[in-house]
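Enquirer: Data: start38.tsv, TSV, C-alpha atoms and all ligand atoms.
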chain	number	residue	atom	x	y	z
V	174	MET	CA	-29.88	9.69	73.71
V	175	ALA	CA	-29.18	9.26	70.10
V	176	TRP	CA	-30.07	5.62	69.92
V	177	THR	CA	-33.55	6.85	70.74
V	178	ARG	CA	-33.28	9.05	67.72
V	179	LEU	CA	-32.12	6.20	65.58
V	180	LEU	CA	-34.86	3.93	66.81
V	181	VAL	CA	-37.51	6.55	66.35
V	182	ALA	CA	-36.23	7.25	62.88
V	183	ALA	CA	-36.24	3.55	62.07
V	184	LEU	CA	-39.81	3.25	63.22
V	185	GLY	CA	-40.91	6.34	61.39
V	186	ILE	CA	-42.45	7.76	64.51
V	187	GLY	CA	-43.04	11.47	64.38
V	188	LEU	CA	-42.06	12.21	67.94
V	189	LEU	CA	-39.31	14.61	67.31
V	190	ALA	CA	-39.52	18.31	67.15
V	191	GLY	CA	-36.91	20.75	66.10
V	192	CYS	CA	-34.25	21.47	68.60
V	193	SER	CA	-31.31	23.07	67.02
V	194	THR	CA	-27.86	21.68	67.32
V	195	SER	CA	-26.36	24.33	65.16
V	196	SER	CA	-24.53	27.37	66.41
V	197	THR	CA	-25.08	26.55	70.04
V	198	PRO	CA	-21.70	27.14	71.60
V	199	ALA	CA	-21.16	25.15	74.74
V	200	SER	CA	-21.39	26.85	78.07
V	201	PRO	CA	-18.08	28.01	79.50
V	202	ALA	CA	-18.87	25.72	82.44
V	203	VAL	CA	-18.74	22.72	80.14
V	204	ASN	CA	-15.24	21.48	79.71
V	205	ALA	CA	-15.36	18.33	77.68
V	206	SER	CA	-11.66	17.73	77.69
V	207	ARG	CA	-10.14	15.92	80.60
V	208	PRO	CA	-8.15	18.16	82.91
V	209	ALA	CA	-4.48	17.40	82.43
V	210	ALA	CA	-3.95	16.57	86.07
V	211	MET	CA	-6.81	14.14	86.07
V	212	ALA	CA	-4.93	11.24	84.69
V	213	SER	CA	-4.24	10.60	88.35
V	214	ASP	CA	-6.42	11.68	91.22
V	215	ALA	CA	-6.65	15.41	90.85
V	216	VAL	CA	-9.74	17.41	91.55
V	217	HIS	CA	-11.52	19.14	88.72
V	218	VAL	CA	-12.15	22.82	88.38
V	219	THR	CA	-14.23	25.09	90.53
V	220	GLY	CA	-15.70	28.42	89.69
V	221	GLU	CA	-18.49	30.83	90.25
V	222	GLY	CA	-22.06	30.64	89.15
V	223	ILE	CA	-25.42	32.20	89.65
V	224	PRO	CA	-28.10	30.09	91.32
V	225	VAL	CA	-31.24	29.75	89.24
V	226	ALA	CA	-34.57	29.34	90.98
V	227	VAL	CA	-36.73	26.65	89.45
V	228	GLU	CA	-40.42	26.22	90.03
V	229	PRO	CA	-41.72	22.67	90.05
V	230	ALA	CA	-43.21	21.57	86.75
V	231	PRO	CA	-45.88	18.90	86.34
V	232	LEU	CA	-44.45	15.48	85.80
V	233	ALA	CA	-45.20	14.24	82.33
V	234	PRO	CA	-45.44	10.54	81.59
V	235	ALA	CA	-43.53	10.76	78.34
V	236	PRO	CA	-40.07	9.27	78.45
V	237	GLU	CA	-37.23	11.32	77.16
V	238	THR	CA	-36.96	11.64	73.47
V	239	VAL	CA	-34.03	13.11	71.74
V	240	VAL	CA	-34.55	16.42	70.07
V	241	THR	CA	-31.40	16.55	68.08
V	242	ALA	CA	-32.03	18.14	64.76
V	243	GLY	CA	-30.87	16.73	61.48
V	244	VAL	CA	-30.80	13.35	59.89
V	245	VAL	CA	-29.62	10.05	61.20
V	246	PRO	CA	-25.92	9.88	60.48
V	247	VAL	CA	-24.98	7.25	57.99
V	248	GLU	CA	-21.49	5.92	58.36
V	249	PRO	CA	-19.61	3.25	56.55
V	250	ALA	CA	-20.29	-0.23	57.87
V	251	PRO	CA	-18.85	-2.20	59.68
V	252	VAL	CA	-16.72	-0.84	62.45
V	253	GLN	CA	-16.41	-4.05	64.35
V	254	VAL	CA	-12.85	-5.29	64.21
V	255	VAL	CA	-10.56	-2.87	65.97
V	256	ALA	CA	-7.13	-2.66	67.46
V	257	PRO	CA	-7.07	-2.66	71.25
V	258	SER	CA	-7.86	0.83	72.45
V	259	ALA	CA	-6.24	2.46	75.44
V	260	ILE	CA	-9.57	2.22	77.24
V	261	ALA	CA	-9.90	-1.50	76.53
V	262	ALA	CA	-6.36	-2.02	77.77
V	263	ALA	CA	-7.15	-0.06	80.92
V	264	ALA	CA	-10.32	-2.10	81.43
V	265	LEU	CA	-8.38	-5.32	81.19
V	266	ALA	CA	-5.71	-4.04	83.57
V	267	LEU	CA	-8.35	-3.06	86.12
V	268	SER	CA	-9.92	-6.50	86.06
V	269	GLN	CA	-6.56	-8.17	86.45
V	270	THR	CA	-5.33	-6.00	89.31
V	271	PRO	CA	-6.71	-6.45	92.80
V	272	GLY	CA	-7.88	-3.24	94.39
V	273	PRO	CA	-10.84	-1.08	95.27
V	274	PRO	CA	-14.09	-1.51	93.34
V	275	VAL	CA	-14.20	-0.33	89.74
V	276	ILE	CA	-16.94	1.99	88.57
V	277	VAL	CA	-17.58	2.45	84.87
V	278	LEU	CA	-18.85	5.89	83.97
V	279	ASP	CA	-20.44	6.15	80.57
V	280	PRO	CA	-20.60	9.67	79.14
V	281	GLY	CA	-23.53	9.36	76.75
V	282	HIS	CA	-23.08	9.90	73.00
V	283	GLY	CA	-19.92	11.23	71.35
V	284	GLY	CA	-18.72	11.80	67.82
V	285	ALA	CA	-21.62	11.82	65.39
V	286	GLU	CA	-23.98	11.10	68.27
V	287	VAL	CA	-24.64	14.58	69.57
V	288	GLY	CA	-27.50	13.70	71.88
V	289	ALA	CA	-29.79	16.53	72.82
V	290	ALA	CA	-28.70	20.09	72.18
V	291	ASN	CA	-30.30	23.40	72.99
V	292	HIS	CA	-29.80	26.65	74.85
V	293	GLY	CA	-26.06	26.45	74.43
V	294	ILE	CA	-25.79	22.97	75.94
V	295	VAL	CA	-24.54	20.19	73.68
V	296	GLU	CA	-25.28	16.95	75.45
V	297	LYS	CA	-22.31	14.89	74.34
V	298	GLU	CA	-19.94	17.60	75.62
V	299	SER	CA	-21.87	18.18	78.80
V	300	ASN	CA	-22.00	14.44	79.54
V	301	LEU	CA	-18.25	14.09	79.18
V	302	ASP	CA	-17.55	17.10	81.37
V	303	LEU	CA	-19.82	15.73	84.07
V	304	ALA	CA	-18.22	12.30	83.82
V	305	PHE	CA	-14.76	13.84	84.32
V	306	ARG	CA	-16.03	15.63	87.41
V	307	VAL	CA	-17.56	12.46	88.83
V	308	GLU	CA	-14.41	10.54	88.00
V	309	ALA	CA	-12.28	12.97	90.02
V	310	LEU	CA	-14.58	12.75	93.02
V	311	LEU	CA	-14.68	8.97	92.95
V	312	ARG	CA	-10.91	8.71	92.67
V	313	GLU	CA	-10.60	11.02	95.65
V	314	ALA	CA	-12.85	8.62	97.54
V	315	GLY	CA	-10.56	5.73	96.68
V	316	VAL	CA	-12.64	4.13	93.96
V	317	ARG	CA	-11.18	3.03	90.65
V	318	VAL	CA	-12.88	4.48	87.58
V	319	LEU	CA	-13.05	3.73	83.89
V	320	LEU	CA	-14.73	5.99	81.35
V	321	THR	CA	-16.18	4.40	78.23
V	322	ARG	CA	-14.96	7.37	76.22
V	323	GLU	CA	-12.54	10.13	77.08
V	324	ASP	CA	-12.96	12.43	74.11
V	325	ASP	CA	-15.50	13.41	71.50
V	326	SER	CA	-15.77	10.04	69.82
V	327	ARG	CA	-17.81	6.90	69.91
V	328	ALA	CA	-16.83	4.14	72.28
V	329	VAL	CA	-14.41	1.67	70.72
V	330	PRO	CA	-15.25	-2.04	71.09
V	331	PRO	CA	-12.71	-4.16	72.90
V	332	PRO	CA	-11.15	-6.70	70.58
V	333	GLY	CA	-11.90	-10.38	70.53
V	334	LEU	CA	-15.63	-10.22	71.01
V	335	ARG	CA	-18.27	-11.23	68.56
V	336	PRO	CA	-19.62	-8.24	66.61
V	337	VAL	CA	-22.96	-7.09	67.90
V	338	PRO	CA	-25.90	-8.33	65.83
V	339	GLY	CA	-27.14	-5.54	63.61
V	340	GLY	CA	-23.97	-3.56	64.09
V	341	SER	CA	-22.83	-3.84	60.49
V	342	THR	CA	-25.44	-1.30	59.48
V	343	ARG	CA	-25.79	0.59	62.73
V	344	PRO	CA	-22.71	2.33	64.14
V	345	ALA	CA	-24.72	3.51	67.10
V	346	ARG	CA	-25.33	-0.08	68.11
V	347	VAL	CA	-21.63	-0.90	67.88
V	348	ASP	CA	-21.04	2.09	70.11
V	349	VAL	CA	-23.48	1.12	72.83
V	350	GLN	CA	-22.41	-2.52	72.78
V	351	ALA	CA	-18.81	-1.35	73.19
V	352	ARG	CA	-19.76	0.58	76.33
V	353	VAL	CA	-21.31	-2.53	77.84
V	354	ASP	CA	-18.39	-4.72	76.79
V	355	LEU	CA	-15.85	-2.33	78.30
V	356	ALA	CA	-17.70	-2.41	81.62
V	357	ASN	CA	-17.76	-6.20	81.58
V	358	LEU	CA	-14.09	-6.35	80.63
V	359	ALA	CA	-13.22	-4.08	83.56
V	360	GLY	CA	-15.15	-6.25	85.99
V	361	ALA	CA	-16.99	-3.17	87.21
V	362	ALA	CA	-19.09	-3.13	90.35
V	363	ALA	CA	-21.55	-0.74	88.72
V	364	PHE	CA	-22.20	0.90	85.37
V	365	VAL	CA	-23.48	4.46	85.41
V	366	SER	CA	-24.41	6.21	82.20
V	367	ILE	CA	-24.52	9.99	82.33
V	368	HIS	CA	-26.91	11.92	80.11
V	369	SER	CA	-29.13	14.94	79.99
V	370	ASN	CA	-32.59	14.89	78.56
V	371	GLY	CA	-34.14	16.57	75.57
V	372	HIS	CA	-37.75	16.74	74.54
V	373	SER	CA	-39.93	18.50	72.03
V	374	ASP	CA	-42.06	19.67	74.95
V	375	SER	CA	-39.87	22.36	76.44
V	376	SER	CA	-41.91	22.43	79.65
V	377	LEU	CA	-40.49	19.06	80.68
V	378	ARG	CA	-37.68	19.35	83.19
V	379	GLY	CA	-35.97	17.68	86.06
V	380	ILE	CA	-33.86	14.66	86.82
V	381	GLU	CA	-34.78	11.03	86.27
V	382	THR	CA	-32.76	7.84	86.54
V	383	TYR	CA	-33.40	4.70	84.55
V	384	TYR	CA	-32.88	1.07	85.43
V	385	SER	CA	-34.31	-2.08	83.88
V	386	SER	CA	-36.68	-4.27	85.85
V	387	VAL	CA	-35.85	-7.19	83.57
V	388	HIS	CA	-32.06	-6.94	83.78
V	389	ALA	CA	-30.35	-9.85	85.51
V	390	GLU	CA	-29.28	-7.39	88.23
V	391	ALA	CA	-32.63	-5.60	88.39
V	392	PRO	CA	-32.99	-5.19	92.17
V	393	ARG	CA	-29.46	-3.83	92.56
V	394	SER	CA	-29.87	-1.67	89.45
V	395	LEU	CA	-32.96	-0.16	91.04
V	396	ALA	CA	-31.03	0.44	94.25
V	397	LEU	CA	-28.28	2.16	92.27
V	398	ALA	CA	-30.77	4.27	90.33
V	399	THR	CA	-32.60	5.27	93.49
V	400	HIS	CA	-29.40	6.36	95.18
V	401	LEU	CA	-28.33	8.37	92.14
V	402	GLN	CA	-31.69	10.07	91.86
V	403	THR	CA	-31.79	11.00	95.52
V	404	THR	CA	-28.24	12.25	95.85
V	405	ALA	CA	-28.20	14.18	92.57
V	406	LEU	CA	-31.33	16.08	93.54
V	407	GLY	CA	-30.07	16.52	97.09
V	408	GLU	CA	-26.73	17.99	96.11
V	409	LEU	CA	-28.33	20.29	93.56
V	410	ALA	CA	-30.86	21.56	96.09
V	411	ALA	CA	-28.16	22.03	98.72
V	412	ALA	CA	-26.23	24.16	96.24
V	413	GLY	CA	-29.28	26.34	95.66
V	414	PHE	CA	-30.57	24.72	92.49
V	415	PRO	CA	-33.77	22.83	93.28
V	416	ALA	CA	-34.84	20.60	90.42
V	417	VAL	CA	-37.90	18.52	89.60
V	418	ASP	CA	-37.80	14.93	90.80
V	419	ARG	CA	-38.98	12.68	87.96
V	420	GLY	CA	-38.07	9.57	89.87
V	421	ALA	CA	-36.27	6.30	89.28
V	422	ARG	CA	-37.89	4.83	86.18
V	423	ASP	CA	-38.06	1.44	84.57
V	424	THR	CA	-36.76	1.47	81.00
V	425	GLN	CA	-38.13	-1.98	80.25
V	426	CYS	CA	-40.88	-0.89	77.88
V	427	MET	CA	-39.67	2.58	76.99
V	428	TYR	CA	-39.98	1.79	73.31
V	429	ASN	CA	-42.54	-0.54	71.84
V	430	ARG	CA	-41.68	-1.97	68.47
V	431	SER	CA	-44.51	-4.02	67.00
V	432	GLY	CA	-45.47	-5.15	70.45
V	433	THR	CA	-41.91	-5.86	71.55
V	434	CYS	CA	-40.75	-3.88	74.54
V	435	ARG	CA	-37.31	-2.35	74.32
V	436	GLY	CA	-35.37	-0.39	76.87
V	437	ILE	CA	-32.26	1.76	76.75
V	438	PHE	CA	-29.57	-0.52	75.33
V	439	VAL	CA	-26.74	-0.01	77.82
V	440	ILE	CA	-28.82	-0.82	80.89
V	441	SER	CA	-31.11	-3.48	79.44
V	442	PRO	CA	-30.93	-7.27	79.12
V	443	PRO	CA	-29.55	-8.83	75.94
V	444	ARG	CA	-31.57	-8.45	72.78
V	445	VAL	CA	-32.01	-11.54	70.67
V	446	THR	CA	-32.13	-11.44	66.87
V	447	ARG	CA	-33.99	-14.44	65.49
V	448	LEU	CA	-33.55	-15.79	61.97
V	449	GLU	CA	-37.25	-16.32	61.56
V	450	ASP	CA	-37.99	-12.70	62.42
V	451	VAL	CA	-35.30	-11.44	60.05
V	452	LEU	CA	-36.69	-13.54	57.21
V	453	GLN	CA	-40.23	-12.54	58.01
V	454	ARG	CA	-39.43	-8.88	57.55
V	455	GLY	CA	-37.45	-9.58	54.39
V	456	GLY	CA	-34.09	-8.80	55.96
V	457	ASP	CA	-30.66	-10.21	55.23
V	458	PRO	CA	-29.63	-12.64	58.00
V	459	VAL	CA	-25.93	-11.93	57.50
V	460	ARG	CA	-26.41	-8.19	57.73
V	461	ALA	CA	-28.52	-8.79	60.82
V	462	GLY	CA	-25.53	-10.51	62.41
V	463	LEU	CA	-26.45	-14.16	61.96
V	464	ALA	CA	-23.82	-16.55	60.71
V	465	PRO	CA	-24.90	-19.15	58.14
V	466	GLY	CA	-26.89	-21.86	59.89
V	467	GLU	CA	-27.47	-19.77	62.98
V	468	THR	CA	-31.04	-19.32	64.16
V	469	GLU	CA	-30.42	-16.54	66.62
V	470	ALA	CA	-27.79	-14.15	67.92
V	471	SER	CA	-27.75	-11.95	70.97
V	472	THR	CA	-26.36	-8.67	72.15
V	473	ARG	CA	-24.52	-8.58	75.47
V	474	ALA	CA	-25.78	-6.88	78.61
V	475	THR	CA	-23.80	-5.55	81.54
V	476	LEU	CA	-22.92	-8.22	84.07
V	477	MET	CA	-23.24	-5.69	86.86
V	478	PRO	CA	-25.97	-3.34	88.13
V	479	ALA	CA	-26.57	-0.56	85.64
V	480	ALA	CA	-28.36	2.77	85.72
V	481	LEU	CA	-28.64	5.80	83.46
V	482	ILE	CA	-29.17	9.22	84.94
V	483	GLU	CA	-30.72	12.05	82.96
V	484	LEU	CA	-29.40	15.22	84.53
V	485	LEU	CA	-32.00	17.85	83.62
V	486	PHE	CA	-33.48	18.79	80.24
V	487	VAL	CA	-31.38	20.81	77.84
V	488	SER	CA	-34.65	21.59	76.06
V	489	ASN	CA	-36.04	23.42	79.08
V	490	PRO	CA	-34.77	26.98	79.57
V	491	GLN	CA	-34.56	26.77	83.37
V	492	ASP	CA	-32.83	23.40	83.34
V	493	ALA	CA	-30.44	24.48	80.62
V	494	ALA	CA	-29.56	27.53	82.71
V	495	ILE	CA	-28.67	25.24	85.59
V	496	LEU	CA	-26.60	23.05	83.27
V	497	ALA	CA	-24.65	26.13	82.20
V	498	VAL	CA	-23.47	27.04	85.67
V	499	GLU	CA	-20.21	25.78	87.11
V	500	GLU	CA	-21.47	25.39	90.66
V	501	SER	CA	-24.55	23.40	89.71
V	502	ARG	CA	-22.57	21.15	87.41
V	503	GLN	CA	-20.18	20.38	90.22
V	504	ALA	CA	-23.14	19.82	92.55
V	505	MET	CA	-24.62	17.29	90.12
V	506	ALA	CA	-21.27	15.56	89.91
V	507	ARG	CA	-21.11	15.40	93.70
V	508	GLY	CA	-24.60	13.94	93.66
V	509	VAL	CA	-23.74	11.24	91.15
V	510	ALA	CA	-20.55	10.36	93.00
V	511	ALA	CA	-22.39	10.26	96.33
V	512	GLY	CA	-25.05	7.98	94.86
V	513	ILE	CA	-22.41	5.59	93.58
V	514	LEU	CA	-20.62	5.59	96.93
V	515	ALA	CA	-23.89	4.97	98.77
V	516	PHE	CA	-24.53	2.02	96.50
V	517	LEU	CA	-21.02	0.66	97.02
V	518	ALA	CA	-21.40	1.07	100.79
V	519	GLU	CA	-24.64	-0.88	100.67
V	520	GLU	CA	-22.83	-3.58	98.74
V	521	GLY	CA	-20.10	-3.68	101.39
V	522	LEU	CA	-17.51	-2.59	98.81
V	523	TRP	CA	-16.70	0.87	100.11
V	524	PRO	CA	-14.99	2.22	102.07
V	525	ALA	CA	-12.33	-0.38	101.43
V	526	GLN	CA	-11.52	-2.48	104.48
F	1	ZN	ZN	-28.54	11.27	76.01
How would this structure read if it were set down as structure tokens?
Expert:
Amino acid sequence: MAWTRLLVAALGIGLLAGCSTSSTPASPAVNASRPAAMASDAVHVTGEGIPVAVEPAPLAPAPETVVTAGVVPVEPAPVQVVAPSAIAAAALALSQTPGPPVIVLDPGHGGAEVGAANHGIVEKESNLDLAFRVEALLREAGVRVLLTREDDSRAVPPPGLRPVPGGSTRPARVDVQARVDLANLAGAAAFVSIHSNGHSDSSLRGIETYYSSVHAEAPRSLALATHLQTTALGELAAAGFPAVDRGARDTQCMYNRSGTCRGIFVISPPRVTRLEDVLQRGGDPVRAGLAPGETEASTRATLMPAALIELLFVSNPQDAAILAVEESRQAMARGVAAGILAFLAEEGLWPAQ
């Protein structure tokens, strides 16, 4: 999760260890371009793989930290006013058309945001491939799906919304706000962000799913996260790839900035930028996103239950081996899709009546 990297860099915390992103060709099982037939309801690829036995590892309390090597990308500011993207148009169309529930899948990272990368797995590519697989399975089940990105790029904000505070200097924040805004625009029943973990401690491995206990939809977000966690592990194990269960986890206080708890942006409540705080730290209120005379500005949160699943650790050799195999990737996709369907069933939204 590259916003982790950005935040850590901003705080000057020395959490990160080297984890090369260079010359790590993606696994052949990772296909980060959408299958041509998948514009409709086609099923994604199948193939052969070799099951990898995994011994349980001790659960470590440390939350995931990105291990992407290199410096924080600096891009020209601001990227806020955009033409309507195809995804934004699709989101709007979904919300305006009656039909089965809409699920927003959020393939983590993209473009300059590589995410974690190691052992031949590049997270942004792996996330997108997994999202395409989940998308196909959900469509087969009769659920409507929107992806926040469909290629190797950042998410594009839908037009007409106020720029996110702080976005003029932080492209990554524009990106994550766009993902949330697209989900809200689509009127989604659930938002599911798909990632894999990376950590400087290569012994860490397994699957964990985040929710926020302080989100407006906290209880349902927890239910969603719990389903995802259970079904992802279950499908992997059934396919012969047992993985470590790191549980459904609260992101509420994952990062602590000067005593202020922060969670993963896309699944957390709005963040408020206050004029007094900006002035206190010697910042520029306009650059922080405050209009003249304004005393505070806020980011936007998802209006629906939201969870973020971390499908194994690319920084762990055993986990990375599982991520490289076609059969286990498809099993994880089945698990994510099954978790979403279980959540929708609990909500009385699926199967459609
Ligand atoms: Zn990530």
Enquirer: Which residues come within 8 Å of range 446-460 of chain V, counting only C-alpha atoms, excluding same-chain residues fewer than 3 positions away, as a list of chain:residue names?
Expert: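 Listed by chain and then number, they are V:Pro338, V:Gly339, V:Ser341, V:Thr342, V:Leu463, V:Ala464, V:Pro465, V:Glu467, V:Thr468, V:Glu469, V:Ala470, V:Ser471.
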Enquirer: Would you export the selected residues with C-alpha atoms as an mmCIF file, in the coordinates of the input, please?
Expert:
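File result-v2.cif, as written:
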data_model
loop_
_atom_site.group_PDB
_atom_site.id
_atom_site.type_symbol
_atom_site.label_atom_id
_atom_site.label_comp_id
_atom_site.auth_asym_id
_atom_site.auth_seq_id
_atom_site.Cartn_x
_atom_site.Cartn_y
_atom_site.Cartn_z
ATOM 1 C CA PRO V 338 -25.900 -8.330 65.830
ATOM 2 C CA GLY V 339 -27.140 -5.540 63.610
ATOM 3 C CA SER V 341 -22.830 -3.840 60.490
ATOM 4 C CA THR V 342 -25.440 -1.300 59.480
ATOM 5 C CA LEU V 463 -26.450 -14.160 61.960
ATOM 6 C CA ALA V 464 -23.820 -16.550 60.710
ATOM 7 C CA PRO V 465 -24.900 -19.150 58.140
ATOM 8 C CA GLU V 467 -27.470 -19.770 62.980
ATOM 9 C CA THR V 468 -31.040 -19.320 64.160
ATOM 10 C CA GLU V 469 -30.420 -16.540 66.620
ATOM 11 C CA ALA V 470 -27.790 -14.150 67.920
ATOM 12 C CA SER V 471 -27.750 -11.950 70.970
#
Enquirer: Do you have, as a tab-separated table, the list of residues of chain V lying at most 8 Å from ligand ZN 1 (chain F), each with its nearest atom pair and that distance in Å to one decimal, counting all atoms listed in the file and ordered by chain then number?
Expert:
residue	atom	partner	partner_atom	distance
V:Met174	CA	F:ZN1	ZN	3.1
V:Ala175	CA	F:ZN1	ZN	6.3
V:Val239	CA	F:ZN1	ZN	7.2
V:Gly281	CA	F:ZN1	ZN	5.4
V:His282	CA	F:ZN1	ZN	6.4
V:Gly288	CA	F:ZN1	ZN	4.9
V:Ala289	CA	F:ZN1	ZN	6.3
V:Glu296	CA	F:ZN1	ZN	6.6
V:Lys297	CA	F:ZN1	ZN	7.4
V:Ile367	CA	F:ZN1	ZN	7.6
V:His368	CA	F:ZN1	ZN	4.5
V:Ser369	CA	F:ZN1	ZN	5.4
V:Asn370	CA	F:ZN1	ZN	6.0
V:Gly371	CA	F:ZN1	ZN	7.7
V:Glu483	CA	F:ZN1	ZN	7.3
Enquirer: In Å, with one decimal, what is the gap from CA of Asp324 in chain V to CA of Ser373 in chain V?
Expert: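 We find that CA of Asp324 in chain V and CA of Ser373 in chain V lie 27.7 Å from each other.
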Enquirer: Neighbouring residues of range 379-394 of chain V were defined as those with any atom within 8 Å, considering only C-alpha atoms; residues of the same chain fewer than 4 positions away were excluded. Please report them as a PyMOL selection string.
Expert: chain V and resi 398-399+401-402+406+416-425+436+440-442+476-486+492
Enquirer: Under the rule that all atoms listed in the file are counted, which of V:Leu409, V:Leu311, V:Ala262, V:Leu303 is the nearest residue to Ala511 in chain V?
Expert: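 Checking each candidate against Ala511 in chain V, we get V:Leu311 as the closest.
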Enquirer: Pick out the closest residue to Ala263 in chain V from this set: V:Val445, V:Val275, V:Leu310, V:Leu517. Count only C-alpha atoms.
Expert: V:Val275
Enquirer: Would you list the contacts of Pro443 in chain V as an NGL selection string, taking every protein, DNA or RNA residue within 6 Å and counting only C-alpha atoms, but skipping same-chain residues closer than 6 positions in sequence?
Expert: :V and (472-474)
Enquirer: Which of these residues is nearest to Val295 in chain V, using only C-alpha atoms: V:Gly432, V:Pro330, V:Gly360, V:Pro201?
Expert: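 Under the stated criterion, the closest residue is V:Pro201.
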Enquirer: Figure out the distance between CA of Ala359 in chain V and CA of Leu301 in chain V, please, to one decimal in Å.
Expert: 19.4 Å
Enquirer: Please provide as a ChimeraX atom specification all residues within 6 Å of Ser488 in chain V, with the sequence filter that same-chain residues fewer than 5 positions apart are discarded (counting only C-alpha atoms).
Expert: /V:291,371-372,375
Enquirer: Which one is closest to Ala351 in chain V: V:Glu298, V:Glu308, V:Glu313, V:Asp279? Count all atoms listed in the file.
Expert: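 So, comparing all the options, the nearest one is V:Asp279.
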Enquirer: Please compute the CA of Phe414 in chain V-CA of Met427 in chain V distance, one decimal, in Å.
Expert: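 Separation between CA of Phe414 in chain V and CA of Met427 in chain V: 28.5 Å.
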Enquirer: Please tell me which residues are no farther than 12 Å from (-8.0, -7.6, 82.4) in the file, counting all atoms listed in the file, and write them as a list in words.
Expert: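 Nearby residues: Ile260, Ala261, Ala262, Ala263, Ala264, Leu265, Ala266, Leu267, Ser268, Gln269, Thr270, Pro271, Pro331, Leu355, Ala356, Asn357, Leu358, Ala359, Gly360 and Ala361 of chain V.
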Enquirer: Just C-alpha atoms for this one: save the residues we selected as a PDB file, keeping the file's coordinate frame.
Expert:
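After the write, again.pdb holds the following:
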ATOM      1  CA  ILE V 260      -9.570   2.220  77.240  1.00  0.00           C
ATOM      2  CA  ALA V 261      -9.900  -1.500  76.530  1.00  0.00           C
ATOM      3  CA  ALA V 262      -6.360  -2.020  77.770  1.00  0.00           C
ATOM      4  CA  ALA V 263      -7.150  -0.060  80.920  1.00  0.00           C
ATOM      5  CA  ALA V 264     -10.320  -2.100  81.430  1.00  0.00           C
ATOM      6  CA  LEU V 265      -8.380  -5.320  81.190  1.00  0.00           C
ATOM      7  CA  ALA V 266      -5.710  -4.040  83.570  1.00  0.00           C
ATOM      8  CA  LEU V 267      -8.350  -3.060  86.120  1.00  0.00           C
ATOM      9  CA  SER V 268      -9.920  -6.500  86.060  1.00  0.00           C
ATOM     10  CA  GLN V 269      -6.560  -8.170  86.450  1.00  0.00           C
ATOM     11  CA  THR V 270      -5.330  -6.000  89.310  1.00  0.00           C
ATOM     12  CA  PRO V 271      -6.710  -6.450  92.800  1.00  0.00           C
ATOM     13  CA  PRO V 331     -12.710  -4.160  72.900  1.00  0.00           C
ATOM     14  CA  LEU V 355     -15.850  -2.330  78.300  1.00  0.00           C
ATOM     15  CA  ALA V 356     -17.700  -2.410  81.620  1.00  0.00           C
ATOM     16  CA  ASN V 357     -17.760  -6.200  81.580  1.00  0.00           C
ATOM     17  CA  LEU V 358     -14.090  -6.350  80.630  1.00  0.00           C
ATOM     18  CA  ALA V 359     -13.220  -4.080  83.560  1.00  0.00           C
ATOM     19  CA  GLY V 360     -15.150  -6.250  85.990  1.00  0.00           C
ATOM     20  CA  ALA V 361     -16.990  -3.170  87.210  1.00  0.00           C
TER      21      ALA V 361
END
Enquirer: Closest to Pro490 in chain V among V:Leu377, V:Ala314, V:Val287, V:Val337, using all atoms listed in the file?
Expert: V:Leu377
Enquirer: Closest to Pro280 in chain V among V:Gln350, V:Thr403, V:Ser206, V:Ser366, using all atoms listed in the file?
Expert: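 Of V:Gln350, V:Thr403, V:Ser206, V:Ser366, the one nearest Pro280 in chain V is V:Ser366, counting all atoms listed in the file.
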